[in-house]
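Read the structure below first, then the notes.
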Amino acid sequence: MNVQTAQRDSRPAWQIVALREIAVKARDKNFLVGLGVTLAMVIGTFAVQVWIAGKTDTQKVAIVDTKGASGPSAKQVVDGAATSAKDGGAKVEYTSTAFPDDVAARAAVTKGDADAALLRTNGGWQLIGDKRIDDGLKKNVTTSAAQLALASNAASQGVELSSLTKGGAVATSTLSSDADRAGLAKVVSLVFAFLFYFVAFMFGMPIAQSVVEEKQSRIVEILASAVPLRHILAGKIIGNALLAIAQVTLLAAVALIGLSQTKWSAFVGTVAGASGWFLLFFLVGFFVVACMFAVAGALASRSEDVQSTSQPVVMLVVLVLVVGMSLSGTGPGRRLVRSGRVDRDDAGTHHGRQRRMVGADPCHRHRDRRGVRHHPSRDAAV
């Protein structure tokens, strides 16, 4: 027992203070409830995303059987729309319900028995909704009706449909391979910024409150007689920093697991790499913010004064948050044109064109600003 006591006494003072901060925080109900609520919100967000992604929406379309009419039927148009939506990757199904006449079909839409009604007109079709028509339904029905009408008209004229649509295929491609990640990068950067903002205040303000409470109750006078004050402040900062890192790591791990269950699972590796860098910079940034909150607590003589002494720190953290959200990470003139690797700002100028022409043709002659002709090859020889 004496050996263990000696070992405990031989530990640095800041380490004892840090372990005490961790133990007190781990038993704090407010901290545990806040952490539980935050985890529940993160898990719930991804659970809703998974549920929405796996849910298949069903929309009912009221149709009217018009016997003897030429061209495709309304049921064929709705079935074609369902096929078009499936090919596009949409989680939606279109079902058609037949009614005896147009009045009954309109009444079904008004009562809510059908989402829309597809009625035949002299010039084609009319899609009717109650208050609004779903954009996806409108797009798919329009595409299906146009394709079926084209096929029907081509058959009536004795023309092959493939010959009419030949050369009409449009392929898409992007010049930047990272274009599809731009939206995800923006979202991840916003999440990281708000996470730092949230954790900085969640752990920073308690540091200031703890310091001023010990000053106000004169406990610090007793501690100062046995422990240097810098060790007390260092222990509080290190203890809360370790708790903050543990909480951020836990939230990041839960978020990555949730991301792997969504349609963005292909970006888990990219986000995981960015999370590692975020934890590194978060450690440095939080230590700086924690030190400033500790100073704010040391400057306050009462608990009521913490709000005023910590106001500059709060404004600085908010300013960093706003600036971080405003910056995009790229500046004008920094991209390079892929063909020739020419600077964008220099590509369209007269001197830029002139330099490219000289570089392309060694025998090219040009005039300088004084009007004197120069020959690159002769000048080089001289």
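Going by the structure tokens order, chains are called A, B, ..., each with residues numbered from 1, while ligands are numbered from 1 in the order shown.
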
Name all residues at most 10 Å from segment 15-17 of chain A (count only C-alpha atoms; drop same-chain ones fewer than 4 positions away) and give them as an mmCIF file with C-alpha atoms, in the first residue's frame.
```
data_model
loop_
_atom_site.group_PDB
_atom_site.id
_atom_site.type_symbol
_atom_site.label_atom_id
_atom_site.label_comp_id
_atom_site.auth_asym_id
_atom_site.auth_seq_id
_atom_site.Cartn_x
_atom_site.Cartn_y
_atom_site.Cartn_z
ATOM 1 C CA ARG A 8 0.627 8.022 -6.770
ATOM 2 C CA ASP A 9 2.441 10.827 -4.969
ATOM 3 C CA ARG A 11 2.976 11.527 -10.345
ATOM 4 C CA GLU A 21 -11.260 16.408 -14.225
ATOM 5 C CA ILE A 22 -11.919 13.288 -16.296
ATOM 6 C CA ALA A 23 -13.397 11.393 -13.337
ATOM 7 C CA VAL A 227 0.564 22.663 -6.295
ATOM 8 C CA HIS A 231 -0.059 22.761 -13.064
ATOM 9 C CA ILE A 232 -3.684 23.270 -12.026
ATOM 10 C CA LEU A 233 -4.528 25.112 -15.241
ATOM 11 C CA ALA A 234 -2.560 22.613 -17.346
ATOM 12 C CA GLY A 235 -4.349 19.669 -15.706
ATOM 13 C CA LYS A 236 -7.777 21.206 -16.339
ATOM 14 C CA ILE A 237 -6.935 21.925 -19.972
ATOM 15 C CA ILE A 238 -5.414 18.496 -20.661
ATOM 16 C CA GLY A 239 -8.226 16.613 -18.904
#
```

* Identify which of the residues A:Ala117, A:Leu223, A:Val211, A:Ala47 lies closest to Cys291 of chain A, counting only C-alpha atoms when measuring atom-to-atom distances. => A:Val211

Check which residues of segment 107-170 of chain A sit at most 9 Å from segment 88-103 of chain A using only C-alpha atoms, and return one row each with the closest pair of atoms and their distance in Å to one decimal, ordered by chain and rising number, as a tab-separated table.
```
residue	atom	partner	partner_atom	distance
A:Ala107	CA	A:Val103	CA	6.2
A:Ala108	CA	A:Val103	CA	8.7
A:Ala114	CA	A:Thr97	CA	8.2
A:Ala117	CA	A:Asp102	CA	8.7
A:Leu119	CA	A:Asp102	CA	6.9
A:Gly136	CA	A:Ala90	CA	8.7
A:Leu137	CA	A:Tyr94	CA	8.2
```

Store the residues of this selection in a file with N, CA and C atoms, as an mmCIF file, in the first residue's frame.
```
data_model
loop_
_atom_site.group_PDB
_atom_site.id
_atom_site.type_symbol
_atom_site.label_atom_id
_atom_site.label_comp_id
_atom_site.auth_asym_id
_atom_site.auth_seq_id
_atom_site.Cartn_x
_atom_site.Cartn_y
_atom_site.Cartn_z
ATOM 1 N N ALA A 107 -62.881 13.297 -60.221
ATOM 2 C CA ALA A 107 -63.408 13.197 -58.861
ATOM 3 C C ALA A 107 -62.480 12.369 -57.973
ATOM 4 N N ALA A 108 -61.856 11.339 -58.538
ATOM 5 C CA ALA A 108 -60.920 10.523 -57.767
ATOM 6 C C ALA A 108 -59.701 11.333 -57.337
ATOM 7 N N ALA A 114 -56.616 9.186 -56.007
ATOM 8 C CA ALA A 114 -55.571 9.094 -57.020
ATOM 9 C C ALA A 114 -54.705 10.343 -56.924
ATOM 10 N N ALA A 117 -54.538 12.267 -62.723
ATOM 11 C CA ALA A 117 -55.387 11.639 -63.737
ATOM 12 C C ALA A 117 -54.783 11.898 -65.105
ATOM 13 N N LEU A 119 -55.709 11.879 -68.911
ATOM 14 C CA LEU A 119 -56.868 11.880 -69.807
ATOM 15 C C LEU A 119 -56.414 12.163 -71.229
ATOM 16 N N GLY A 136 -41.480 14.321 -60.770
ATOM 17 C CA GLY A 136 -41.039 13.056 -61.336
ATOM 18 C C GLY A 136 -42.122 12.390 -62.166
ATOM 19 N N LEU A 137 -43.363 12.425 -61.664
ATOM 20 C CA LEU A 137 -44.481 11.848 -62.421
ATOM 21 C C LEU A 137 -44.672 12.582 -63.737
#
```

* May I ask which of the residues A:Thr121, A:Ser310, A:Val322, A:Gly34 is the closest one to Ala296 of chain A, counting only C-alpha atoms? => A:Ser310

* For Ser144 of chain A, the nearest of the candidates A:Val320, A:Val159, A:Val77, A:Ala200, counting only C-alpha atoms ->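 The answer is A:Val77, which sits nearest to Ser144 of chain A.
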
* Asked: Please, which residues of segment 98-284 of chain A, numbered as in this document, come out strand (DSSP E or B) from DSSP, as a list in words?
  ->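 Taking segment 98-284 of chain A and keeping strand (DSSP E or B) only, one gets Ala98, Phe99, Ala116, Ala117, Leu118, Leu119, Arg120, Trp125, Gln126, Leu127, Ile128 and Gly129 of chain A.
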
* Structure fact -> In terms of only C-alpha atoms, the residue from A:Ala171, A:Ile207, A:Leu319, A:Leu279 at minimal distance from Val295 of chain A is A:Ile207

* In Å, rounded to a single decimal, give me how far atom CA of Val313 of chain A is from atom CA of Val289 of chain A. => 7.5 Å

* Using only C-alpha atoms, which residue out of A:Phe203, A:Arg302, A:Glu160, A:Ala145 lies closest to Ser217 of chain A? ->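 Checking each of A:Phe203, A:Arg302, A:Glu160, A:Ala145 against Ser217 of chain A, counting only C-alpha atoms, the winner is A:Arg302.
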
* Asked: Expressed in Å to a single decimal, how great is the separation between atom CA of Val170 of chain A and atom CA of Asp79 of chain A?
  -> 24.3 Å
